[in-house]
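Enquirer: I am sharing model11.pdb, which consists of PDB, C-alpha atoms, pLDDT in the B column:
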```pdb
ATOM      1  CA  MET A   1     127.683 -91.904 104.375  1.00 65.00           C
ATOM      2  CA  LEU A   2     125.120 -91.967 101.538  1.00 61.00           C
ATOM      3  CA  LEU A   3     124.752 -88.184 101.689  1.00 61.00           C
ATOM      4  CA  ARG A   4     128.537 -87.748 101.550  1.00 68.00           C
ATOM      5  CA  PHE A   5     128.715 -90.021  98.499  1.00 63.00           C
ATOM      6  CA  TRP A   6     125.904 -88.069  96.831  1.00 62.00           C
ATOM      7  CA  TYR A   7     127.656 -84.746  97.476  1.00 66.00           C
ATOM      8  CA  ARG A   8     130.926 -86.114  96.078  1.00 70.00           C
ATOM      9  CA  LEU A   9     129.102 -87.372  92.959  1.00 72.00           C
ATOM     10  CA  ILE A  10     127.491 -83.976  92.398  1.00 70.00           C
ATOM     11  CA  ALA A  11     130.906 -82.308  92.641  1.00 72.00           C
ATOM     12  CA  VAL A  12     132.492 -84.739  90.166  1.00 77.00           C
ATOM     13  CA  LEU A  13     129.670 -84.311  87.647  1.00 81.00           C
ATOM     14  CA  TYR A  14     129.754 -80.540  88.000  1.00 80.00           C
ATOM     15  CA  ILE A  15     133.519 -80.350  87.433  1.00 84.00           C
ATOM     16  CA  ALA A  16     133.218 -82.701  84.453  1.00 87.00           C
ATOM     17  CA  PHE A  17     130.498 -80.479  82.995  1.00 90.00           C
ATOM     18  CA  ILE A  18     132.747 -77.432  83.353  1.00 90.00           C
ATOM     19  CA  PHE A  19     135.612 -79.027  81.465  1.00 90.00           C
ATOM     20  CA  LEU A  20     133.414 -80.527  78.740  1.00 93.00           C
ATOM     21  CA  THR A  21     131.619 -77.267  78.026  1.00 96.00           C
ATOM     22  CA  SER A  22     134.872 -75.312  78.217  1.00 96.00           C
ATOM     23  CA  ALA A  23     135.973 -76.937  74.962  1.00 95.00           C
ATOM     24  CA  VAL A  24     133.058 -75.288  73.161  1.00 97.00           C
ATOM     25  CA  PHE A  25     133.325 -71.980  75.008  1.00 98.00           C
ATOM     26  CA  PHE A  26     137.057 -71.687  74.371  1.00 98.00           C
ATOM     27  CA  LEU A  27     136.464 -72.122  70.644  1.00 98.00           C
ATOM     28  CA  VAL A  28     133.918 -69.294  70.758  1.00 98.00           C
ATOM     29  CA  ALA A  29     136.326 -67.162  72.822  1.00 98.00           C
ATOM     30  CA  ALA A  30     139.121 -67.742  70.307  1.00 98.00           C
ATOM     31  CA  LEU A  31     136.848 -66.656  67.446  1.00 98.00           C
ATOM     32  CA  ILE A  32     135.778 -63.534  69.362  1.00 98.00           C
ATOM     33  CA  TRP A  33     139.443 -62.692  69.995  1.00 98.00           C
ATOM     34  CA  LEU A  34     140.345 -63.257  66.345  1.00 97.00           C
ATOM     35  CA  PHE A  35     137.600 -61.056  64.921  1.00 97.00           C
ATOM     36  CA  THR A  36     137.485 -58.271  67.524  1.00 97.00           C
ATOM     37  CA  TYR A  37     141.098 -57.703  68.569  1.00 93.00           C
ATOM     38  CA  PRO A  38     141.914 -55.294  65.685  1.00 93.00           C
ATOM     39  CA  PHE A  39     139.314 -52.781  66.960  1.00 95.00           C
ATOM     40  CA  ASP A  40     138.930 -53.862  70.609  1.00 97.00           C
ATOM     41  CA  ARG A  41     142.455 -53.786  72.009  1.00 93.00           C
ATOM     42  CA  ARG A  42     141.233 -53.823  75.616  1.00 96.00           C
ATOM     43  CA  LEU A  43     139.303 -57.018  74.789  1.00 97.00           C
ATOM     44  CA  ARG A  44     136.076 -55.749  76.306  1.00 97.00           C
ATOM     45  CA  LEU A  45     133.892 -58.030  74.167  1.00 98.00           C
ATOM     46  CA  LEU A  46     135.987 -61.072  74.969  1.00 98.00           C
ATOM     47  CA  HIS A  47     135.813 -60.272  78.691  1.00 98.00           C
ATOM     48  CA  GLN A  48     132.034 -59.890  78.483  1.00 98.00           C
ATOM     49  CA  PHE A  49     131.817 -63.327  76.882  1.00 98.00           C
ATOM     50  CA  THR A  50     134.065 -64.670  79.645  1.00 98.00           C
ATOM     51  CA  CYS A  51     131.676 -63.143  82.185  1.00 98.00           C
ATOM     52  CA  PHE A  52     128.839 -65.064  80.521  1.00 98.00           C
ATOM     53  CA  TRP A  53     130.925 -68.263  80.399  1.00 97.00           C
ATOM     54  CA  ALA A  54     131.739 -68.077  84.111  1.00 96.00           C
ATOM     55  CA  SER A  55     128.293 -66.903  85.210  1.00 96.00           C
ATOM     56  CA  LEU A  56     126.638 -69.792  83.389  1.00 96.00           C
ATOM     57  CA  TYR A  57     128.224 -72.229  85.856  1.00 94.00           C
ATOM     58  CA  ILE A  58     126.342 -70.483  88.651  1.00 92.00           C
ATOM     59  CA  TRP A  59     123.082 -69.998  86.752  1.00 93.00           C
ATOM     60  CA  ILE A  60     122.745 -73.666  85.787  1.00 90.00           C
ATOM     61  CA  PHE A  61     123.556 -74.975  89.271  1.00 86.00           C
ATOM     62  CA  PRO A  62     120.377 -74.545  91.369  1.00 80.00           C
ATOM     63  CA  PRO A  63     122.044 -74.925  94.802  1.00 84.00           C
ATOM     64  CA  TRP A  64     124.118 -71.790  94.134  1.00 85.00           C
ATOM     65  CA  SER A  65     122.803 -68.259  93.776  1.00 91.00           C
ATOM     66  CA  VAL A  66     124.405 -64.820  93.742  1.00 95.00           C
ATOM     67  CA  SER A  67     123.042 -61.362  94.463  1.00 95.00           C
ATOM     68  CA  VAL A  68     124.881 -58.070  93.957  1.00 96.00           C
ATOM     69  CA  GLU A  69     124.173 -54.968  96.009  1.00 96.00           C
ATOM     70  CA  CYS A  70     124.993 -51.442  94.800  1.00 96.00           C
ATOM     71  CA  ARG A  71     126.246 -52.578  91.392  1.00 95.00           C
ATOM     72  CA  ASP A  72     125.766 -49.007  90.139  1.00 95.00           C
ATOM     73  CA  ARG A  73     128.750 -47.882  92.256  1.00 97.00           C
ATOM     74  CA  PHE A  74     130.945 -49.660  89.699  1.00 97.00           C
ATOM     75  CA  MET A  75     130.875 -46.972  87.022  1.00 96.00           C
ATOM     76  CA  ASP A  76     131.515 -48.090  83.447  1.00 94.00           C
ATOM     77  CA  ASN A  77     133.420 -44.903  82.599  1.00 94.00           C
ATOM     78  CA  GLN A  78     135.844 -45.199  85.536  1.00 97.00           C
ATOM     79  CA  THR A  79     139.037 -47.219  85.942  1.00 98.00           C
ATOM     80  CA  TYR A  80     139.530 -48.853  89.347  1.00 98.00           C
ATOM     81  CA  VAL A  81     141.872 -50.940  91.378  1.00 98.00           C
ATOM     82  CA  ILE A  82     139.315 -53.492  92.603  1.00 98.00           C
ATOM     83  CA  VAL A  83     139.964 -55.381  95.832  1.00 98.00           C
ATOM     84  CA  SER A  84     137.891 -57.897  97.777  1.00 97.00           C
ATOM     85  CA  ASN A  85     138.112 -60.570 100.425  1.00 95.00           C
ATOM     86  CA  HIS A  86     138.754 -64.118  99.223  1.00 92.00           C
ATOM     87  CA  GLN A  87     136.904 -67.070 100.756  1.00 87.00           C
ATOM     88  CA  SER A  88     136.594 -69.649  97.996  1.00 85.00           C
ATOM     89  CA  LEU A  89     137.302 -70.647  94.408  1.00 84.00           C
ATOM     90  CA  VAL A  90     133.714 -69.639  93.745  1.00 88.00           C
ATOM     91  CA  ASP A  91     134.735 -66.001  94.304  1.00 92.00           C
ATOM     92  CA  ILE A  92     136.167 -65.980  90.783  1.00 92.00           C
ATOM     93  CA  LEU A  93     132.862 -67.057  89.224  1.00 93.00           C
ATOM     94  CA  VAL A  94     131.005 -64.644  91.474  1.00 94.00           C
ATOM     95  CA  ALA A  95     133.125 -61.669  90.389  1.00 95.00           C
ATOM     96  CA  PHE A  96     132.323 -62.377  86.748  1.00 97.00           C
ATOM     97  CA  THR A  97     128.590 -62.022  87.485  1.00 96.00           C
ATOM     98  CA  LEU A  98     129.232 -58.283  87.840  1.00 97.00           C
ATOM     99  CA  PHE A  99     129.577 -58.135  84.039  1.00 97.00           C
ATOM    100  CA  LYS A 100     131.989 -55.224  84.437  1.00 97.00           C
ATOM    101  CA  HIS A 101     135.262 -54.787  82.584  1.00 97.00           C
ATOM    102  CA  PHE A 102     138.451 -55.658  84.453  1.00 98.00           C
ATOM    103  CA  LYS A 103     141.660 -57.659  84.207  1.00 98.00           C
ATOM    104  CA  TRP A 104     142.378 -60.315  86.816  1.00 96.00           C
ATOM    105  CA  VAL A 105     145.645 -60.631  88.663  1.00 95.00           C
ATOM    106  CA  SER A 106     145.915 -64.370  89.195  1.00 93.00           C
ATOM    107  CA  LYS A 107     148.539 -66.924  90.155  1.00 90.00           C
ATOM    108  CA  ALA A 108     150.496 -68.139  87.152  1.00 90.00           C
ATOM    109  CA  GLU A 109     149.577 -71.805  87.671  1.00 91.00           C
ATOM    110  CA  LEU A 110     145.972 -71.135  86.657  1.00 91.00           C
ATOM    111  CA  PHE A 111     147.064 -70.032  83.198  1.00 94.00           C
ATOM    112  CA  HIS A 112     148.284 -73.584  82.521  1.00 93.00           C
ATOM    113  CA  ILE A 113     144.823 -75.123  82.986  1.00 93.00           C
ATOM    114  CA  PRO A 114     143.687 -76.335  79.550  1.00 94.00           C
ATOM    115  CA  LEU A 115     140.982 -74.209  77.909  1.00 96.00           C
ATOM    116  CA  ILE A 116     140.142 -72.052  80.938  1.00 95.00           C
ATOM    117  CA  GLY A 117     143.750 -70.978  81.453  1.00 96.00           C
ATOM    118  CA  TRP A 118     144.185 -70.453  77.724  1.00 97.00           C
ATOM    119  CA  ASN A 119     141.202 -68.117  77.771  1.00 97.00           C
ATOM    120  CA  MET A 120     142.808 -66.192  80.628  1.00 97.00           C
ATOM    121  CA  SER A 121     145.816 -65.644  78.381  1.00 97.00           C
ATOM    122  CA  LEU A 122     143.596 -64.536  75.488  1.00 97.00           C
ATOM    123  CA  ASN A 123     142.032 -61.951  77.808  1.00 98.00           C
ATOM    124  CA  ARG A 124     145.506 -60.678  78.774  1.00 97.00           C
ATOM    125  CA  TYR A 125     144.819 -61.246  82.453  1.00 98.00           C
ATOM    126  CA  VAL A 126     147.889 -60.734  84.616  1.00 97.00           C
ATOM    127  CA  LYS A 127     150.081 -63.609  85.803  1.00 94.00           C
ATOM    128  CA  LEU A 128     151.738 -63.578  89.193  1.00 91.00           C
ATOM    129  CA  ARG A 129     154.196 -66.184  90.472  1.00 87.00           C
ATOM    130  CA  ARG A 130     154.372 -65.690  94.219  1.00 79.00           C
ATOM    131  CA  GLY A 131     157.794 -65.224  95.742  1.00 75.00           C
ATOM    132  CA  HIS A 132     159.500 -64.429  92.410  1.00 76.00           C
ATOM    133  CA  ALA A 133     160.798 -60.871  92.267  1.00 85.00           C
ATOM    134  CA  SER A 134     160.872 -60.816  88.456  1.00 88.00           C
ATOM    135  CA  SER A 135     157.242 -61.980  88.276  1.00 89.00           C
ATOM    136  CA  ILE A 136     156.150 -59.327  90.766  1.00 89.00           C
ATOM    137  CA  LYS A 137     157.899 -56.657  88.690  1.00 92.00           C
ATOM    138  CA  GLN A 138     156.206 -57.917  85.511  1.00 94.00           C
ATOM    139  CA  MET A 139     152.867 -57.946  87.325  1.00 94.00           C
ATOM    140  CA  TYR A 140     153.242 -54.278  88.259  1.00 94.00           C
ATOM    141  CA  GLN A 141     154.207 -53.386  84.699  1.00 96.00           C
ATOM    142  CA  ALA A 142     151.235 -55.262  83.204  1.00 97.00           C
ATOM    143  CA  CYS A 143     148.801 -53.745  85.714  1.00 97.00           C
ATOM    144  CA  GLU A 144     150.080 -50.246  85.038  1.00 97.00           C
ATOM    145  CA  GLN A 145     149.667 -50.761  81.309  1.00 97.00           C
ATOM    146  CA  HIS A 146     146.087 -52.012  81.689  1.00 98.00           C
ATOM    147  CA  LEU A 147     145.163 -49.180  84.055  1.00 97.00           C
ATOM    148  CA  ASN A 148     146.658 -46.596  81.706  1.00 97.00           C
ATOM    149  CA  GLU A 149     144.674 -48.123  78.844  1.00 96.00           C
ATOM    150  CA  GLY A 150     141.444 -47.815  80.829  1.00 97.00           C
ATOM    151  CA  SER A 151     140.978 -51.369  82.102  1.00 98.00           C
ATOM    152  CA  SER A 152     140.299 -51.866  85.801  1.00 98.00           C
ATOM    153  CA  ILE A 153     142.439 -54.367  87.715  1.00 98.00           C
ATOM    154  CA  TYR A 154     140.974 -56.929  90.137  1.00 98.00           C
ATOM    155  CA  LEU A 155     143.152 -58.344  92.912  1.00 96.00           C
ATOM    156  CA  PHE A 156     142.634 -60.432  96.038  1.00 95.00           C
ATOM    157  CA  PRO A 157     144.989 -58.602  98.437  1.00 95.00           C
ATOM    158  CA  GLU A 158     144.944 -61.503 100.902  1.00 92.00           C
ATOM    159  CA  GLY A 159     146.977 -63.396  98.317  1.00 83.00           C
ATOM    160  CA  THR A 160     145.250 -66.718  98.985  1.00 76.00           C
ATOM    161  CA  ARG A 161     141.933 -68.006 100.272  1.00 72.00           C
ATOM    162  CA  SER A 162     141.199 -68.067 103.969  1.00 68.00           C
ATOM    163  CA  GLU A 163     140.775 -71.503 105.543  1.00 66.00           C
ATOM    164  CA  THR A 164     138.890 -70.218 108.575  1.00 67.00           C
ATOM    165  CA  GLY A 165     136.783 -67.421 107.115  1.00 66.00           C
ATOM    166  CA  GLN A 166     138.868 -64.874 109.022  1.00 81.00           C
ATOM    167  CA  MET A 167     140.458 -62.410 106.635  1.00 90.00           C
ATOM    168  CA  ARG A 168     144.214 -62.465 106.208  1.00 91.00           C
ATOM    169  CA  ALA A 169     146.207 -59.254 106.247  1.00 93.00           C
ATOM    170  CA  PHE A 170     146.227 -57.410 102.923  1.00 96.00           C
ATOM    171  CA  LYS A 171     149.392 -57.289 100.855  1.00 94.00           C
ATOM    172  CA  GLU A 172     150.369 -53.826  99.635  1.00 94.00           C
ATOM    173  CA  GLY A 173     150.536 -54.414  95.869  1.00 93.00           C
ATOM    174  CA  ALA A 174     147.045 -53.183  94.948  1.00 96.00           C
ATOM    175  CA  PHE A 175     147.496 -50.078  97.047  1.00 97.00           C
ATOM    176  CA  VAL A 176     150.910 -49.300  95.614  1.00 96.00           C
ATOM    177  CA  LEU A 177     149.284 -49.343  92.175  1.00 97.00           C
ATOM    178  CA  ALA A 178     146.406 -47.112  93.251  1.00 97.00           C
ATOM    179  CA  LYS A 179     148.759 -44.524  94.718  1.00 97.00           C
ATOM    180  CA  ARG A 180     151.311 -44.659  91.920  1.00 96.00           C
ATOM    181  CA  LEU A 181     148.719 -44.212  89.153  1.00 97.00           C
ATOM    182  CA  HIS A 182     146.256 -42.085  91.147  1.00 97.00           C
ATOM    183  CA  LYS A 183     143.398 -44.535  90.548  1.00 98.00           C
ATOM    184  CA  PRO A 184     140.372 -44.998  92.812  1.00 98.00           C
ATOM    185  CA  ILE A 185     140.047 -48.168  94.847  1.00 98.00           C
ATOM    186  CA  LEU A 186     136.784 -50.093  94.563  1.00 98.00           C
ATOM    187  CA  PRO A 187     136.271 -52.412  97.568  1.00 98.00           C
ATOM    188  CA  LEU A 188     133.984 -55.421  97.198  1.00 98.00           C
ATOM    189  CA  VAL A 189     132.666 -57.599 100.009  1.00 97.00           C
ATOM    190  CA  ILE A 190     131.882 -61.265  99.314  1.00 95.00           C
ATOM    191  CA  ASN A 191     129.790 -63.174 101.835  1.00 93.00           C
ATOM    192  CA  GLY A 192     128.753 -66.826 101.725  1.00 89.00           C
ATOM    193  CA  SER A 193     131.116 -68.290  99.142  1.00 86.00           C
ATOM    194  CA  ARG A 194     133.183 -70.178 101.717  1.00 83.00           C
ATOM    195  CA  ASN A 195     130.188 -72.430 102.319  1.00 75.00           C
ATOM    196  CA  ALA A 196     130.120 -73.416  98.639  1.00 68.00           C
ATOM    197  CA  VAL A 197     133.719 -74.593  98.239  1.00 66.00           C
ATOM    198  CA  PRO A 198     135.903 -74.290 101.344  1.00 56.00           C
ATOM    199  CA  LYS A 199     139.661 -74.209 100.834  1.00 57.00           C
ATOM    200  CA  ASN A 200     141.215 -77.652 100.228  1.00 55.00           C
ATOM    201  CA  SER A 201     137.848 -79.114  99.282  1.00 57.00           C
ATOM    202  CA  PHE A 202     136.147 -79.749  95.937  1.00 58.00           C
ATOM    203  CA  ASN A 203     133.101 -81.460  97.379  1.00 60.00           C
ATOM    204  CA  PHE A 204     129.575 -80.131  97.087  1.00 61.00           C
ATOM    205  CA  HIS A 205     128.438 -78.638 100.393  1.00 59.00           C
ATOM    206  CA  GLY A 206     124.734 -77.968  99.920  1.00 61.00           C
ATOM    207  CA  ASN A 207     122.751 -74.861  99.071  1.00 78.00           C
ATOM    208  CA  THR A 208     124.688 -71.608  99.106  1.00 85.00           C
ATOM    209  CA  HIS A 209     123.675 -67.995  98.532  1.00 92.00           C
ATOM    210  CA  VAL A 210     126.572 -65.627  97.877  1.00 94.00           C
ATOM    211  CA  GLU A 211     126.165 -61.910  98.405  1.00 95.00           C
ATOM    212  CA  VAL A 212     128.411 -59.331  96.782  1.00 97.00           C
ATOM    213  CA  GLU A 213     128.364 -55.772  98.056  1.00 97.00           C
ATOM    214  CA  VAL A 214     130.038 -53.014  96.059  1.00 98.00           C
ATOM    215  CA  LEU A 215     131.246 -50.401  98.518  1.00 98.00           C
ATOM    216  CA  GLU A 216     131.785 -46.718  97.824  1.00 97.00           C
ATOM    217  CA  PRO A 217     134.901 -46.040  95.745  1.00 98.00           C
ATOM    218  CA  ILE A 218     137.875 -44.554  97.588  1.00 98.00           C
ATOM    219  CA  PHE A 219     139.315 -41.748  95.470  1.00 98.00           C
ATOM    220  CA  PRO A 220     143.022 -40.821  95.312  1.00 97.00           C
ATOM    221  CA  GLU A 221     142.628 -37.463  97.001  1.00 96.00           C
ATOM    222  CA  SER A 222     141.444 -39.221 100.157  1.00 96.00           C
ATOM    223  CA  PHE A 223     144.598 -41.352 100.486  1.00 96.00           C
ATOM    224  CA  ALA A 224     147.248 -38.955  99.168  1.00 94.00           C
ATOM    225  CA  ASP A 225     148.891 -38.724 102.599  1.00 95.00           C
ATOM    226  CA  GLU A 226     148.677 -42.426 103.475  1.00 96.00           C
ATOM    227  CA  THR A 227     151.396 -44.997 102.864  1.00 96.00           C
ATOM    228  CA  PRO A 228     150.403 -48.135 100.932  1.00 97.00           C
ATOM    229  CA  ARG A 229     150.553 -50.062 104.242  1.00 97.00           C
ATOM    230  CA  GLU A 230     148.220 -47.604 105.972  1.00 97.00           C
ATOM    231  CA  LEU A 231     145.858 -47.650 103.014  1.00 97.00           C
ATOM    232  CA  ALA A 232     145.861 -51.460 102.866  1.00 97.00           C
ATOM    233  CA  ASP A 233     145.023 -51.647 106.570  1.00 97.00           C
ATOM    234  CA  ARG A 234     142.220 -49.078 106.204  1.00 97.00           C
ATOM    235  CA  VAL A 235     140.581 -50.931 103.320  1.00 98.00           C
ATOM    236  CA  HIS A 236     141.067 -54.263 105.104  1.00 97.00           C
ATOM    237  CA  THR A 237     139.157 -52.921 108.118  1.00 97.00           C
ATOM    238  CA  LEU A 238     136.446 -51.512 105.873  1.00 97.00           C
ATOM    239  CA  ILE A 239     135.855 -54.875 104.194  1.00 97.00           C
ATOM    240  CA  ARG A 240     136.347 -56.972 107.338  1.00 95.00           C
ATOM    241  CA  ASN A 241     133.609 -55.032 109.109  1.00 95.00           C
ATOM    242  CA  ARG A 242     131.175 -56.117 106.361  1.00 95.00           C
ATOM    243  CA  VAL A 243     132.189 -59.777 106.240  1.00 93.00           C
ATOM    244  CA  ARG A 244     129.916 -62.116 108.168  1.00 86.00           C
ATOM    245  CA  SER A 245     131.517 -65.043 109.966  1.00 71.00           C
TER     246      SER A 245
END
```
Please rewrite the model in this file as structure tokens.
Expert:
Amino acid sequence: MLLRFWYRLIAVLYIAFIFLTSAVFFLVAALIWLFTYPFDRRLRLLHQFTCFWASLYIWIFPPWSVSVECRDRFMDNQTYVIVSNHQSLVDILVAFTLFKHFKWVSKAELFHIPLIGWNMSLNRYVKLRRGHASSIKQMYQACEQHLNEGSSIYLFPEGTRSETGQMRAFKEGAFVLAKRLHKPILPLVINGSRNAVPKNSFNFHGNTHVEVEVLEPIFPESFADETPRELADRVHTLIRNRVRS
């Protein structure tokens, strides 16, 4: 009982720290946006600051650590459709530790979170309201624009976090984009994050090491004859085989 109380207290203090510091970081982000947007239309500098902002919440929390394997496979001069498995809210912080340029596709509700959600809007990340045809259409349009401008797109094709650790089937959206715009797919594998913050829980759960593995890019010529469904299933199998239960 005492240990459970201690873990709950750690979680509350950590979340409070995030929201208190976000007030300062959002002010900095707004200034970066204001002074760099005229010459940095893809908002690369703002995204790099956001990577620092998010990564800091892992760096300053000793029970959590992240390692990235094969980071060099994510080429700075290439535009990707990035896909990965999704185990935990921590996956979002973990992805930022790559310090690579991309635009998130994220559920629209997150954009309403004070400060953090406002920064997502500043970065021109992509909103998606599940089950709304008009939102899905707007998502495709925004993703196509970013990809054509040279910004990679990051999606969780499972659509939502897994409660059991077993991967859900991949939705086709990311793979439709890759085929339509002839962009390479960059698969990422995330292991260990589910232990940090399982779905439907905000409690602290002890020490956690998260491993990110950047797999080999899958180039358009290799999936020219596949349907989006076939491609989604192939990439799902590729990632699933690297996910540890």
Enquirer: Residues at most 9 Å from Trp33 in chain A, counting all atoms listed in the file, excluding those fewer than 2 positions away in the same chain, as a CSV table (one decimal) with C-alpha atoms, keeping the file's coordinate frame?
Expert:
```
chain,number,residue,atom,x,y,z
A,28,VAL,CA,133.9,-69.3,70.8
A,29,ALA,CA,136.3,-67.2,72.8
A,30,ALA,CA,139.1,-67.7,70.3
A,31,LEU,CA,136.8,-66.7,67.4
A,35,PHE,CA,137.6,-61.1,64.9
A,36,THR,CA,137.5,-58.3,67.5
A,37,TYR,CA,141.1,-57.7,68.6
A,38,PRO,CA,141.9,-55.3,65.7
A,40,ASP,CA,138.9,-53.9,70.6
A,43,LEU,CA,139.3,-57.0,74.8
A,45,LEU,CA,133.9,-58.0,74.2
A,46,LEU,CA,136.0,-61.1,75.0
A,122,LEU,CA,143.6,-64.5,75.5
A,123,ASN,CA,142.0,-62.0,77.8
```
Enquirer: Report, in Å to a single decimal, how far apart CA of Lys107 in chain A and CA of Phe26 in chain A are.
Expert: 20.1 Å
Enquirer: Using all atoms listed in the file, which residues sit within 9 Å of His236 in chain A once same-chain residues fewer than 3 positions away are excluded, as a list in words?
Expert: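 Non-adjacent residues within range: Ser84, Asn85, Pro157, Met167, Arg168, Ala169, Phe170, Leu231, Ala232, Asp233, Ile239, Arg240 and Asn241 of chain A.
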Enquirer: Please report the interatomic distance between CA of Ile116 in chain A and CA of Thr79 in chain A in Å with one decimal.
Expert: 25.4 Å
Enquirer: Kindly resolve the PyMOL selection byres ((chain A and resi 50-55) around 9) on the present coordinates and return the residues as a list in words.
Expert: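 Expected selection for the PyMOL selection byres ((chain A and resi 50-55) around 9) here is Ser22, Phe25, Ala29, Leu45, Leu46, His47, Gln48, Phe49, Leu56, Tyr57, Ile58, Trp59, Ile60, Ile92, Leu93, Val94, Ala95, Phe96, Thr97, Leu98, Phe99, Lys100, Asn119, Met120 and Asn123 of chain A.
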